[in-house]
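Student: Input structure: structure_15.txt, which contains compact mmCIF, C-alpha atoms.
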```
# COMPACT_ATOMS: atom_id res chain seq x y z
CA MET A 1464 90.95 54.84 100.59
CA SER A 1465 93.94 56.90 99.46
CA LEU A 1466 96.07 58.75 102.00
CA ARG A 1467 94.84 61.99 100.39
CA GLU A 1468 91.29 61.06 101.33
CA THR A 1469 92.45 59.97 104.78
CA ALA A 1470 94.14 63.34 105.36
CA LYS A 1471 91.01 65.19 104.20
CA GLY A 1472 88.89 63.10 106.55
CA ILE A 1473 91.15 63.85 109.54
CA PHE A 1474 91.06 67.58 108.77
CA VAL A 1475 87.31 67.88 108.20
CA ASP A 1476 86.46 65.74 111.25
CA THR A 1477 88.80 67.84 113.39
CA LEU A 1478 87.00 71.04 112.36
CA HIS A 1479 83.67 69.38 113.14
CA HIS A 1480 84.72 68.56 116.70
CA LEU A 1481 86.38 71.91 117.40
CA ARG A 1482 83.21 73.23 119.02
CA ILE A 1483 82.99 76.66 120.62
CA GLU A 1484 79.62 75.77 122.17
CA GLU A 1485 81.02 72.80 124.05
CA ARG A 1486 84.03 74.70 125.37
CA MET A 1487 81.94 77.71 126.43
CA ARG A 1488 79.52 75.40 128.24
CA THR A 1489 82.34 73.81 130.26
CA ARG A 1490 84.22 77.04 131.01
CA VAL A 1491 81.36 79.52 131.65
CA ARG A 1492 78.71 78.56 134.23
CA SER A 1493 76.13 80.33 136.35
CA GLN A 1494 75.27 79.27 139.88
CA GLY A 1495 72.65 81.31 141.65
CA GLY A 1496 73.78 84.89 141.24
CA THR A 1497 77.38 83.93 140.55
CA LEU A 1498 79.04 83.78 137.15
CA ARG A 1499 82.01 81.42 136.92
CA ILE A 1500 84.46 81.78 134.04
CA GLY A 1501 87.16 79.14 134.31
CA GLU A 1502 88.58 79.62 137.80
CA LEU A 1503 87.27 83.19 138.01
CA THR A 1504 84.15 84.09 140.02
CA TYR A 1505 81.93 87.17 139.60
CA ASP A 1506 79.17 88.02 142.08
CA MET A 1507 76.55 89.52 139.78
CA GLN A 1508 74.99 91.67 142.51
CA ASP A 1509 78.14 93.83 142.26
CA PHE A 1510 77.10 95.00 138.78
CA ARG A 1511 74.31 97.05 137.27
CA ARG A 1512 75.21 96.33 133.64
CA VAL A 1513 76.90 93.66 131.57
CA VAL A 1514 78.58 94.78 128.36
CA VAL A 1515 79.70 92.18 125.81
CA ILE A 1516 82.11 93.08 123.00
CA SER A 1517 82.58 90.16 120.57
CA ILE A 1518 84.98 90.65 117.64
CA GLY A 1519 86.53 88.28 115.10
CA LYS A 1520 85.75 85.38 112.82
CA ALA A 1521 84.17 83.51 115.74
CA ALA A 1522 82.34 86.58 117.12
CA ALA A 1523 78.77 85.42 116.50
CA PRO A 1524 79.34 81.79 117.61
CA MET A 1525 81.04 83.03 120.77
CA TRP A 1526 78.13 85.34 121.58
CA ASP A 1527 75.61 82.58 120.76
CA ALA A 1528 77.43 80.21 123.13
CA LEU A 1529 77.90 82.75 125.92
CA GLN A 1530 74.32 84.01 126.12
CA PRO A 1531 72.71 80.81 127.57
CA ALA A 1532 75.38 80.65 130.27
CA LEU A 1533 75.18 84.35 131.11
CA GLU A 1534 71.39 84.86 131.26
CA PRO A 1535 70.72 82.69 134.38
CA ALA A 1536 73.28 84.68 136.39
CA LEU A 1537 71.59 88.04 135.80
CA LYS A 1538 69.84 89.80 138.65
CA LEU A 1539 66.50 91.58 138.33
CA GLY A 1540 66.96 94.84 136.46
CA GLN A 1541 70.44 94.06 135.12
CA ARG A 1542 70.96 94.85 131.45
CA ILE A 1543 73.03 93.23 128.75
CA GLU A 1544 74.33 95.42 125.96
CA ALA A 1545 76.34 93.73 123.22
CA ILE A 1546 78.24 94.60 120.07
CA VAL A 1547 79.11 91.72 117.74
CA VAL A 1548 81.53 92.31 114.87
CA GLY A 1549 82.01 89.17 112.80
CA THR A 1550 81.68 87.34 109.53
CA THR A 1551 78.39 85.62 110.42
CA THR A 1552 75.27 86.92 112.16
CA PRO A 1553 74.09 85.72 115.58
CA LYS A 1554 71.59 82.85 115.40
CA GLU A 1555 68.76 84.83 116.95
CA LYS A 1556 67.73 88.45 116.57
CA ASP A 1557 68.13 90.32 119.84
CA HIS A 1558 67.42 94.01 120.38
CA ARG A 1559 70.30 94.13 122.88
CA VAL A 1560 72.84 93.24 120.18
CA HIS A 1561 74.28 95.68 117.66
CA PHE A 1562 75.79 93.62 114.83
CA PHE A 1563 78.41 94.77 112.34
CA SER A 1564 79.47 92.67 109.36
CA GLY A 1565 83.23 92.40 109.85
CA SER A 1566 85.67 92.99 107.01
CA HIS A 1567 88.72 90.76 106.59
CA PRO A 1568 91.64 90.83 105.82
CA LEU A 1569 91.40 94.57 105.08
CA PRO A 1570 89.41 97.09 107.14
CA ASN A 1571 86.65 99.14 105.52
CA GLN A 1572 84.21 101.85 106.54
CA THR A 1573 82.23 99.35 108.63
CA SER A 1574 85.43 98.64 110.58
CA PHE A 1575 85.64 102.33 111.42
CA ASP A 1576 81.93 102.49 112.33
CA ALA A 1577 82.25 99.43 114.57
CA ALA A 1578 85.25 100.95 116.35
CA GLU A 1579 83.31 104.16 117.04
CA ALA A 1580 80.37 102.17 118.44
CA VAL A 1581 82.60 100.03 120.66
CA LEU A 1582 84.52 103.01 122.04
CA LYS A 1583 81.26 104.86 122.76
CA LEU A 1584 79.74 101.91 124.61
CA LEU A 1585 82.89 101.22 126.62
CA GLY A 1586 83.20 104.90 127.47
CA SER A 1587 79.85 104.65 129.28
CA CYS A 1588 81.07 101.90 131.63
CA ASP A 1589 81.59 102.66 135.32
CA ASP A 1590 82.74 100.60 138.30
CA ARG A 1591 79.35 98.79 138.43
CA CYS A 1592 79.82 97.38 134.94
CA LEU A 1593 81.08 93.91 133.98
CA VAL A 1594 82.69 93.95 130.54
CA LEU A 1595 83.17 90.64 128.71
CA PHE A 1596 85.43 90.73 125.67
CA LEU A 1597 85.10 87.79 123.26
CA ILE A 1598 88.07 87.98 120.89
CA SER A 1599 88.98 85.67 118.01
CA GLY A 1600 91.28 85.72 115.00
CA GLY A 1601 90.47 88.26 112.32
CA ALA A 1602 89.48 90.92 114.84
CA SER A 1603 92.33 93.21 113.80
CA ALA A 1604 90.69 94.27 110.55
CA MET A 1605 87.12 94.16 111.81
CA ILE A 1606 87.39 97.19 114.07
CA GLU A 1607 89.82 99.97 113.36
CA LYS A 1608 90.32 103.62 114.17
CA PRO A 1609 93.77 105.08 113.47
CA LEU A 1610 95.41 107.18 116.16
CA ASP A 1611 96.00 109.76 113.45
CA GLY A 1612 92.52 110.99 112.61
CA SER A 1613 93.66 112.23 109.21
CA VAL A 1614 94.39 108.68 107.98
CA THR A 1615 91.53 107.63 105.69
CA VAL A 1616 89.81 104.26 105.33
CA GLU A 1617 91.64 103.74 102.02
CA GLU A 1618 95.03 104.58 103.55
CA THR A 1619 94.31 102.24 106.46
CA ALA A 1620 93.41 99.43 104.05
CA GLN A 1621 96.67 100.02 102.19
CA PHE A 1622 98.59 99.85 105.50
CA TYR A 1623 96.99 96.47 106.20
CA ARG A 1624 97.61 95.29 102.64
CA SER A 1625 101.29 96.12 102.98
CA LEU A 1626 101.49 94.12 106.21
CA VAL A 1627 99.67 91.08 104.77
CA HIS A 1628 101.93 91.00 101.70
CA SER A 1629 105.17 91.66 103.62
CA GLY A 1630 105.83 88.13 104.83
CA LEU A 1631 106.47 89.40 108.37
CA PRO A 1632 105.66 87.12 111.33
CA ILE A 1633 102.21 87.76 112.82
CA THR A 1634 103.74 89.05 116.08
CA GLN A 1635 105.54 91.82 114.18
CA MET A 1636 102.54 92.66 111.99
CA ASN A 1637 100.31 92.99 115.02
CA ALA A 1638 102.88 95.06 116.94
CA LEU A 1639 102.63 97.60 114.11
CA ARG A 1640 98.83 97.41 114.06
CA LYS A 1641 98.66 97.97 117.83
CA HIS A 1642 100.71 101.16 117.68
CA PHE A 1643 98.69 102.45 114.72
CA SER A 1644 95.29 102.13 116.36
CA GLN A 1645 92.96 103.55 119.01
CA VAL A 1646 91.31 100.13 119.54
CA LYS A 1647 94.27 97.74 119.83
CA GLY A 1648 97.16 97.09 122.20
CA GLY A 1649 94.98 97.17 125.33
CA ARG A 1650 93.23 100.41 124.43
CA LEU A 1651 89.72 98.91 124.65
CA ALA A 1652 90.47 97.97 128.25
CA VAL A 1653 91.58 101.55 128.85
CA ALA A 1654 88.33 102.81 127.29
CA ALA A 1655 86.43 100.89 130.00
CA GLU A 1656 89.04 101.63 132.66
CA LYS A 1657 86.68 101.66 135.67
CA GLY A 1658 84.82 98.48 134.74
CA THR A 1659 85.59 94.89 135.73
CA LYS A 1660 86.84 93.13 132.62
CA CYS A 1661 87.26 89.55 131.46
CA THR A 1662 88.53 88.50 128.02
CA LEU A 1663 87.77 85.09 126.52
CA LEU A 1664 89.94 84.20 123.53
CA ILE A 1665 89.73 81.83 120.61
CA SER A 1666 93.45 81.83 119.96
CA ASP A 1667 95.03 81.78 116.50
CA VAL A 1668 98.51 82.37 117.93
CA PRO A 1669 100.87 80.43 120.24
CA GLU A 1670 99.65 80.25 123.84
CA SER A 1671 102.61 82.32 125.02
CA VAL A 1672 101.53 85.39 123.01
CA LEU A 1673 97.77 85.68 123.57
CA HIS A 1674 98.14 89.46 123.38
CA VAL A 1675 98.59 89.02 119.62
CA VAL A 1676 95.04 87.63 119.08
CA GLY A 1677 93.13 90.34 117.23
CA SER A 1678 96.06 92.68 118.04
CA GLY A 1679 95.26 92.44 121.75
CA PRO A 1680 92.45 95.03 122.07
CA SER A 1681 91.81 94.26 125.74
CA LEU A 1682 95.14 92.80 126.93
CA PRO A 1683 98.36 94.51 128.04
CA ASP A 1684 100.82 94.99 125.19
CA PRO A 1685 104.49 94.06 125.74
CA SER A 1686 105.58 95.37 122.32
CA THR A 1687 107.06 98.87 122.11
CA LEU A 1688 107.36 101.77 119.73
CA GLU A 1689 111.11 101.21 119.63
CA GLU A 1690 110.50 97.63 118.41
CA CYS A 1691 108.04 98.86 115.78
CA ARG A 1692 110.52 101.37 114.40
CA GLY A 1693 113.15 98.63 114.29
CA ILE A 1694 110.78 96.33 112.38
CA ILE A 1695 110.07 99.07 109.84
CA ASP A 1696 113.73 100.00 109.38
CA ALA A 1697 114.68 96.34 108.85
CA ASN A 1698 111.88 95.72 106.34
CA LEU A 1699 111.47 98.99 104.43
CA ASP A 1700 111.34 97.34 101.00
CA ALA A 1701 109.01 94.53 102.04
CA LEU A 1702 106.58 96.90 103.77
CA ASN A 1703 106.75 99.69 101.20
CA PHE A 1704 104.82 102.08 103.46
CA PRO A 1705 103.86 105.47 102.01
CA GLY A 1706 105.53 108.55 103.48
CA LYS A 1707 102.49 109.43 105.59
CA ILE A 1708 102.61 106.09 107.45
CA LEU A 1709 106.38 106.25 107.90
CA ALA A 1710 106.05 109.77 109.32
CA PHE A 1711 103.35 108.56 111.71
CA PHE A 1712 105.54 105.83 113.19
CA ARG A 1713 108.58 108.11 113.39
CA ASP A 1714 106.73 110.89 115.20
CA PRO A 1715 108.48 111.32 118.60
CA ALA A 1716 105.14 112.31 120.16
CA LEU A 1717 103.43 109.01 119.20
CA GLU A 1718 101.90 107.48 122.32
CA GLU A 1719 102.79 104.02 123.63
CA THR A 1720 100.26 101.18 123.96
CA ALA A 1721 98.80 100.12 127.33
CA LYS A 1722 101.24 98.08 129.44
CA ALA A 1723 100.59 95.62 132.26
CA ASP A 1724 100.96 98.29 134.96
CA HIS A 1725 98.17 100.45 133.54
CA PRO A 1726 95.29 100.93 136.04
CA ALA A 1727 92.85 99.56 133.45
CA PHE A 1728 94.23 96.05 134.10
CA GLY A 1729 93.77 96.21 137.87
CA LYS A 1730 90.38 94.48 137.51
CA ALA A 1731 91.05 92.57 134.30
CA SER A 1732 91.49 88.86 133.57
CA TRP A 1733 91.73 86.70 130.46
CA LEU A 1734 91.77 83.07 129.42
CA SER A 1735 91.93 81.00 126.23
CA LEU A 1736 88.84 78.94 125.38
CA LEU A 1737 90.25 77.19 122.30
CA SER A 1738 93.68 77.23 120.71
CA SER A 1739 95.91 75.41 118.26
CA ASP A 1740 96.72 72.99 121.09
CA ASP A 1741 93.10 71.81 120.88
CA LEU A 1742 93.39 71.65 117.08
CA CYS A 1743 96.39 69.30 117.32
CA ARG A 1744 94.88 67.26 120.13
CA ILE A 1745 91.65 66.53 118.26
CA ALA A 1746 93.46 65.85 114.97
CA GLY A 1747 95.86 63.53 116.82
CA GLU A 1748 93.00 61.58 118.35
CA ASN A 1749 91.43 61.18 114.90
CA ALA A 1750 94.70 59.95 113.37
CA ALA A 1751 95.46 57.59 116.27
CA ARG A 1752 92.07 55.91 115.84
CA LEU A 1753 93.15 55.12 112.27
CA GLY A 1754 96.30 53.40 113.50
CA PHE A 1755 98.85 56.20 112.90
CA HIS A 1756 101.69 56.96 115.26
CA VAL A 1757 101.09 60.68 115.92
CA VAL A 1758 103.78 63.31 116.42
CA VAL A 1759 103.21 67.08 116.86
CA ASP A 1760 105.96 69.46 115.78
CA ASN A 1761 105.15 73.20 115.73
CA ARG A 1762 108.74 74.36 115.42
CA CYS A 1763 108.26 75.87 111.95
CA ASP A 1764 105.57 78.33 113.08
CA ASP A 1765 105.97 81.62 111.19
CA TRP A 1766 108.74 80.21 108.96
CA ASP A 1767 108.90 80.92 105.26
CA TYR A 1768 106.73 78.32 103.54
CA ARG A 1769 109.69 76.86 101.62
CA GLU A 1770 111.77 76.35 104.74
CA ALA A 1771 108.77 74.85 106.54
CA ALA A 1772 108.16 72.41 103.68
CA VAL A 1773 111.77 71.17 103.75
CA TYR A 1774 111.78 70.86 107.54
CA LEU A 1775 108.50 68.95 107.83
CA LEU A 1776 109.23 66.55 104.97
CA ASP A 1777 112.65 65.84 106.49
CA ARG A 1778 110.94 65.19 109.82
CA LEU A 1779 108.38 62.88 108.21
CA GLN A 1780 111.14 60.85 106.56
CA GLU A 1781 112.95 60.50 109.89
CA LEU A 1782 109.78 59.34 111.64
CA HIS A 1783 108.89 56.89 108.87
CA GLN A 1784 112.17 55.09 109.48
CA LEU A 1785 110.96 54.43 113.03
CA TYR A 1786 107.24 53.86 112.48
CA PRO A 1787 105.56 52.16 109.49
CA LYS A 1788 102.46 54.34 109.72
CA VAL A 1789 103.08 57.90 110.91
CA CYS A 1790 101.07 61.14 111.09
CA LEU A 1791 102.98 64.38 111.68
CA HIS A 1792 100.93 67.40 112.78
CA SER A 1793 102.11 70.99 112.76
CA ALA A 1794 99.97 73.96 113.80
CA GLY A 1795 100.60 77.64 113.19
CA GLU A 1796 101.15 79.75 110.12
CA VAL A 1797 103.79 79.84 107.44
CA SER A 1798 104.77 83.13 105.86
CA VAL A 1799 104.42 84.00 102.20
CA ARG A 1800 105.76 87.22 100.75
CA LEU A 1801 103.57 88.23 97.81
CA PRO A 1802 104.77 90.13 94.75
CA SER A 1803 102.81 93.05 93.32
CA ALA A 1804 100.97 90.71 90.93
CA TYR A 1805 99.78 87.26 91.97
CA GLY A 1806 97.12 84.66 91.21
CA VAL A 1807 94.52 82.86 93.31
CA GLY A 1808 95.57 80.88 96.37
CA GLY A 1809 96.76 81.26 99.93
CA ARG A 1810 99.60 80.34 102.25
CA ASN A 1811 98.25 76.82 102.86
CA GLN A 1812 97.94 75.97 99.17
CA GLN A 1813 101.32 77.57 98.40
CA PHE A 1814 102.89 75.38 101.09
CA VAL A 1815 101.21 72.22 99.74
CA LEU A 1816 102.23 73.02 96.18
CA GLU A 1817 105.84 73.44 97.32
CA CYS A 1818 105.58 70.10 99.14
CA SER A 1819 104.35 68.44 95.94
CA ARG A 1820 107.44 69.73 94.14
CA LEU A 1821 109.77 68.43 96.86
CA ILE A 1822 108.00 65.06 97.05
CA ASP A 1823 108.43 64.64 93.31
CA LYS A 1824 112.05 65.82 93.37
CA ARG A 1825 112.96 63.44 96.22
CA ASN A 1826 110.87 60.56 94.83
CA LEU A 1827 109.05 60.25 98.16
CA LYS A 1828 105.82 58.51 99.07
CA ALA A 1829 104.12 61.07 101.29
CA THR A 1830 100.83 62.92 101.66
CA VAL A 1831 100.66 66.53 102.82
CA LEU A 1832 97.59 68.60 103.74
CA SER A 1833 97.50 72.16 104.98
CA GLY A 1834 94.32 74.06 105.79
CA GLY A 1835 92.98 77.00 107.75
CA SER A 1836 90.68 76.22 110.67
CA ASP A 1837 88.60 79.24 109.64
CA GLY A 1838 87.84 77.61 106.28
CA VAL A 1839 89.54 80.44 104.37
CA ASP A 1840 92.92 80.48 102.62
CA GLY A 1841 94.09 83.75 101.08
CA ASN A 1842 91.98 85.07 98.22
CA SER A 1843 90.67 81.64 97.25
CA PRO A 1844 87.39 79.90 98.16
CA ALA A 1845 89.34 77.00 99.66
CA ALA A 1846 90.51 76.29 103.21
CA GLY A 1847 93.63 74.62 101.86
CA ALA A 1848 94.74 71.66 99.77
CA VAL A 1849 96.27 68.18 99.81
CA CYS A 1850 99.02 66.58 97.70
CA ASP A 1851 100.96 63.34 97.37
CA GLU A 1852 103.51 61.66 95.11
CA THR A 1853 101.03 61.70 92.20
CA THR A 1854 100.29 65.43 92.28
CA VAL A 1855 103.00 66.72 89.94
CA ALA A 1856 102.29 64.07 87.29
CA ARG A 1857 98.52 64.64 87.47
CA ALA A 1858 98.98 68.41 87.28
CA THR A 1859 101.31 68.10 84.30
CA SER A 1860 98.80 65.87 82.48
CA GLU A 1861 96.19 68.60 83.01
CA GLY A 1862 98.50 71.16 81.39
CA PHE A 1863 99.74 72.87 84.58
CA ASP A 1864 103.31 73.86 85.42
CA ILE A 1865 104.02 73.48 89.14
CA ILE A 1866 106.98 75.87 89.06
CA ALA A 1867 104.92 78.55 87.30
CA GLY A 1868 102.13 78.07 89.84
CA LEU A 1869 104.58 78.63 92.68
CA GLU A 1870 106.24 81.65 91.10
CA GLN A 1871 102.88 83.27 90.27
CA PHE A 1872 101.30 82.31 93.66
CA ASP A 1873 98.51 80.73 91.63
CA SER A 1874 97.97 77.42 93.41
CA PHE A 1875 94.18 77.21 93.65
CA PRO A 1876 93.51 76.58 89.91
CA ILE A 1877 95.85 73.57 90.05
CA PHE A 1878 94.27 72.01 93.13
CA ARG A 1879 90.76 72.76 91.89
CA ALA A 1880 91.48 70.93 88.63
CA LEU A 1881 92.89 67.94 90.54
CA ASP A 1882 89.94 67.91 92.98
CA ASP A 1883 92.47 68.37 95.79
CA ALA A 1884 91.34 71.80 96.97
CA ILE A 1885 89.63 71.54 100.38
CA ILE A 1886 86.50 73.66 100.44
CA THR A 1887 84.62 73.85 103.75
CA GLY A 1888 83.22 77.38 103.69
CA PRO A 1889 83.76 79.72 106.68
CA THR A 1890 83.72 77.67 109.88
CA GLY A 1891 82.99 80.45 112.38
CA ASN A 1892 86.18 79.47 114.20
CA ASN A 1893 89.86 80.31 113.92
CA VAL A 1894 92.62 78.52 115.84
CA ARG A 1895 95.40 78.75 113.25
CA ASP A 1896 96.33 76.50 110.34
CA LEU A 1897 96.86 72.76 110.57
CA ARG A 1898 99.36 70.78 108.53
CA ILE A 1899 98.92 67.00 108.32
CA LEU A 1900 101.72 64.86 106.85
CA LEU A 1901 101.11 61.12 106.40
CA SER A 1902 103.38 58.24 105.49
CA SER A 1903 102.46 54.58 105.42
CA ALA A 1904 104.29 51.41 104.42
```
Can you give me the file's structure in the form of structure tokens?
Tutor:
Amino acid sequence: MSLRETAKGIFVDTLHHLRIEERMRTRVRSQGGTLRIGELTYDMQDFRRVVVISIGKAAAPMWDALQPALEPALKLGQRIEAIVVGTTTPKEKDHRVHFFSGSHPLPNQTSFDAAEAVLKLLGSCDDRCLVLFLISGGASAMIEKPLDGSVTVEETAQFYRSLVHSGLPITQMNALRKHFSQVKGGRLAVAAEKGTKCTLLISDVPESVLHVVGSGPSLPDPSTLEECRGIIDANLDALNFPGKILAFFRDPALEETAKADHPAFGKASWLSLLSSDDLCRIAGENAARLGFHVVVDNRCDDWDYREAAVYLLDRLQELHQLYPKVCLHSAGEVSVRLPSAYGVGGRNQQFVLECSRLIDKRNLKATVLSGGSDGVDGNSPAAGAVCDETTVARATSEGFDIIAGLEQFDSFPIFRALDDAIITGPTGNNVRDLRILLSSA
């Protein structure tokens, strides 16, 4: 088996074992009339209603996994009301669940409709209501309602498009989204201010910044308007915001997001169910079983894809001098700044294509895979791609120009032709991207 096939096997098997159901079962339990979520305990007789708001790429799987744990804790007469906004539908039809088909990466009219429904339901919550937020990556676009009511759906989509194409780190993009929106930056917690709230997260960001997941709809927001204005001023050309959006952010009357001292967080808790740490752990176990010495290095998170490629290949070469069979894992996201015109691909495939160029230039023997745990990479049907020292030669023999593919951000056609595109379909999960670099004597 080639190292390309080995890398694919590690990646696909890791996604298979990254199970929301298993983690929900171990972290959420009912005992008599008590609901236990991690170390938290809720006496269900204190509540008349349970409201569940599930948003993101893993929204339906999270709801499907929560329901069996939640139902046994309910008291006679207690109601569950749920809104699920995601890319897949819940497994079973349930009259208590209002489902919206979530849009990603750009919001649409359904995103606005979902936001209205969520705000209305949360606005009905009192101090006898337990609110469970289930938040996963992709939630930012799936519900949206601008603070400025005159901003249209089309203008909102353009705002998101500018952010996605800007190459900004996710923390900065989501700081801007939070201050643009009525449903981000802790504002959903404020909408249900009197209720008892618990947020369960499938994290697609570093553990230290959980408030970035889905732009933190139910968590306190440490980012500020001053920071947002600084980000815009430092990146005017990259963002290319229209005058209306610039005027919005520069308005001195623009309100700040909800901070940790807001009363809405007096009865609020949150915890991460799955994260990129789990992604690396499972992938590492898979690689170790195959005899690889495993190293995790997430230092290049949010770096430009070219800088990340150089850094990780340098690191792999260093490790290979110490170990004959090494597997280097790196979780997180690399940044890609898109031009006005571009082809078919995504940040994972762009990174892999750049690695193929460097491997060829350096005359290395190395295999590199990068893929999204959600099964989606950019505007392509692939989750990512894999390359090795044969990639450039094979691509050239098929009539492709690697440099042109990089410049045009048109990586998917190359990897599709080489049968090195990794196509899994949407996984219903999202705990960041995983890069796997292999070297063997």
Student: Interatomic distance between CA of Val1548 in chain A and CA of Arg1624 in chain A?
Tutor: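 These atoms are spaced 20.4 Å apart.
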Student: Enter the distance from CA of Glu1579 in chain A to CA of Glu1656 in chain A, in Å, rounded to one decimal.
Tutor: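 Distance between the two atoms: 16.8 Å.
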Student: Please determine, counting only C-alpha atoms, which residue among A:Gln1784, A:Thr1504, A:Ser1798, A:Thr1720 has the shortest atom-to-atom distance to Asp1684 in chain A.
Tutor: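 Residue with the minimum atom-to-atom distance to Asp1684 in chain A: A:Thr1720.
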Student: Which polymer residues, protein or nucleic acid, are no farther than 12 Å from (92.2, 60.3, 97.8), counting only C-alpha atoms, as a list of chain:residue names?
Tutor: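 Protein, DNA and RNA residues close to (92.2, 60.3, 97.8): A:Met1464, A:Ser1465, A:Leu1466, A:Arg1467, A:Glu1468, A:Thr1469, A:Ala1470, A:Lys1471, A:Gly1472, A:Thr1830, A:Val1831, A:Leu1832, A:Ala1848, A:Val1849, A:Cys1850, A:Asp1851, A:Glu1852, A:Thr1853, A:Thr1854, A:Leu1881, A:Asp1882, A:Asp1883, A:Ala1884, A:Ile1885.
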Student: Output C-alpha atoms for every residue in that selection, as a short mmCIF file (atom, residue, chain, number, x, y, z; two decimals), keeping the file's coordinate frame.
Tutor:
```
data_model
loop_
_atom_site.label_atom_id
_atom_site.label_comp_id
_atom_site.auth_asym_id
_atom_site.auth_seq_id
_atom_site.Cartn_x
_atom_site.Cartn_y
_atom_site.Cartn_z
CA MET A 1464 90.95 54.84 100.59
CA SER A 1465 93.94 56.90 99.46
CA LEU A 1466 96.07 58.75 102.00
CA ARG A 1467 94.84 61.99 100.39
CA GLU A 1468 91.29 61.06 101.33
CA THR A 1469 92.45 59.97 104.78
CA ALA A 1470 94.14 63.34 105.36
CA LYS A 1471 91.01 65.19 104.20
CA GLY A 1472 88.89 63.10 106.55
CA THR A 1830 100.83 62.92 101.66
CA VAL A 1831 100.66 66.53 102.82
CA LEU A 1832 97.59 68.60 103.74
CA ALA A 1848 94.74 71.66 99.77
CA VAL A 1849 96.27 68.18 99.81
CA CYS A 1850 99.02 66.58 97.70
CA ASP A 1851 100.96 63.34 97.37
CA GLU A 1852 103.51 61.66 95.11
CA THR A 1853 101.03 61.70 92.20
CA THR A 1854 100.29 65.43 92.28
CA LEU A 1881 92.89 67.94 90.54
CA ASP A 1882 89.94 67.91 92.98
CA ASP A 1883 92.47 68.37 95.79
CA ALA A 1884 91.34 71.80 96.97
CA ILE A 1885 89.63 71.54 100.38
#
```
Student: Near range 1602-1604 of chain A, counting only C-alpha atoms, which residues have an atom at most 8 Å away, once you skip same-chain residues fewer than 3 positions from it, shown as JSON, numbers by chain?
Tutor: {"A": [1518, 1519, 1520, 1549, 1565, 1566, 1567, 1568, 1569, 1570, 1574, 1598, 1599, 1607, 1623, 1640, 1647, 1676, 1677, 1678]}
Student: Find, counting only C-alpha atoms, the residue in A:Phe1622, A:Phe1575, A:Phe1872, A:Phe1711 that gets nearest to Met1605 in chain A.
Tutor: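 Among the listed residues, A:Phe1575 lies closest to Met1605 in chain A.
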Student: Which one is closest to Phe1712 in chain A: A:Leu1593, A:Leu1610, A:Ala1580, A:Leu1897? Count all atoms listed in the file.
Tutor: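 Selected residue with least distance to Phe1712 in chain A: A:Leu1610.
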Student: For Gly1835 in chain A, which of A:Gly1888, A:Gly1847, A:Gly1496, A:Pro1680 is the closest residue, counting all atoms listed in the file?
Tutor: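 Closest to Gly1835 in chain A, using all atoms listed in the file: A:Gly1847.
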Student: I want to know what sits within 8 Å of Leu1585 in chain A, based on all atoms listed in the file, with residues of the same chain fewer than 5 positions away left out; could you give that as number ranges by chain?
Tutor: A: 1514, 1651, 1654-1655
Student: Got time to write the residues from that selection, C-alpha atoms, as a PDB file, in the frame of the given file?
Tutor:
```pdb
ATOM      1  CA  VAL A1514      78.580  94.780 128.360  1.00  0.00           C
ATOM      2  CA  LEU A1651      89.720  98.910 124.650  1.00  0.00           C
ATOM      3  CA  ALA A1654      88.330 102.810 127.290  1.00  0.00           C
ATOM      4  CA  ALA A1655      86.430 100.890 130.000  1.00  0.00           C
TER       5      ALA A1655
END
```
Student: So which residues fall inside 7 Å of (100.2, 81.0, 104.0) if we count all atoms listed in the file? Mind giving them as number ranges by chain?
Tutor: A: 1796-1799, 1809-1811, 1813-1814
Student: Select, from A:Ala1904, A:Leu1682, A:Cys1691, A:Val1614, the residue with the minimum atom-to-atom distance to Asn1637 in chain A, counting only C-alpha atoms.
Tutor: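 For Asn1637 in chain A, the nearest of the given residues is A:Cys1691.
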Student: So, with all atoms listed in the file as the atoms that count, which of A:Cys1763, A:Cys1592, A:Val1547, A:Leu1584 lies closest to Met1507 in chain A?
Tutor: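 With all atoms listed in the file as the atom set, the closest residue is A:Cys1592.
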Student: Just how far from CA of Val1672 in chain A is CA of Lys1660 in chain A, in Å to one decimal?
Tutor: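 The value is 19.2 Å.
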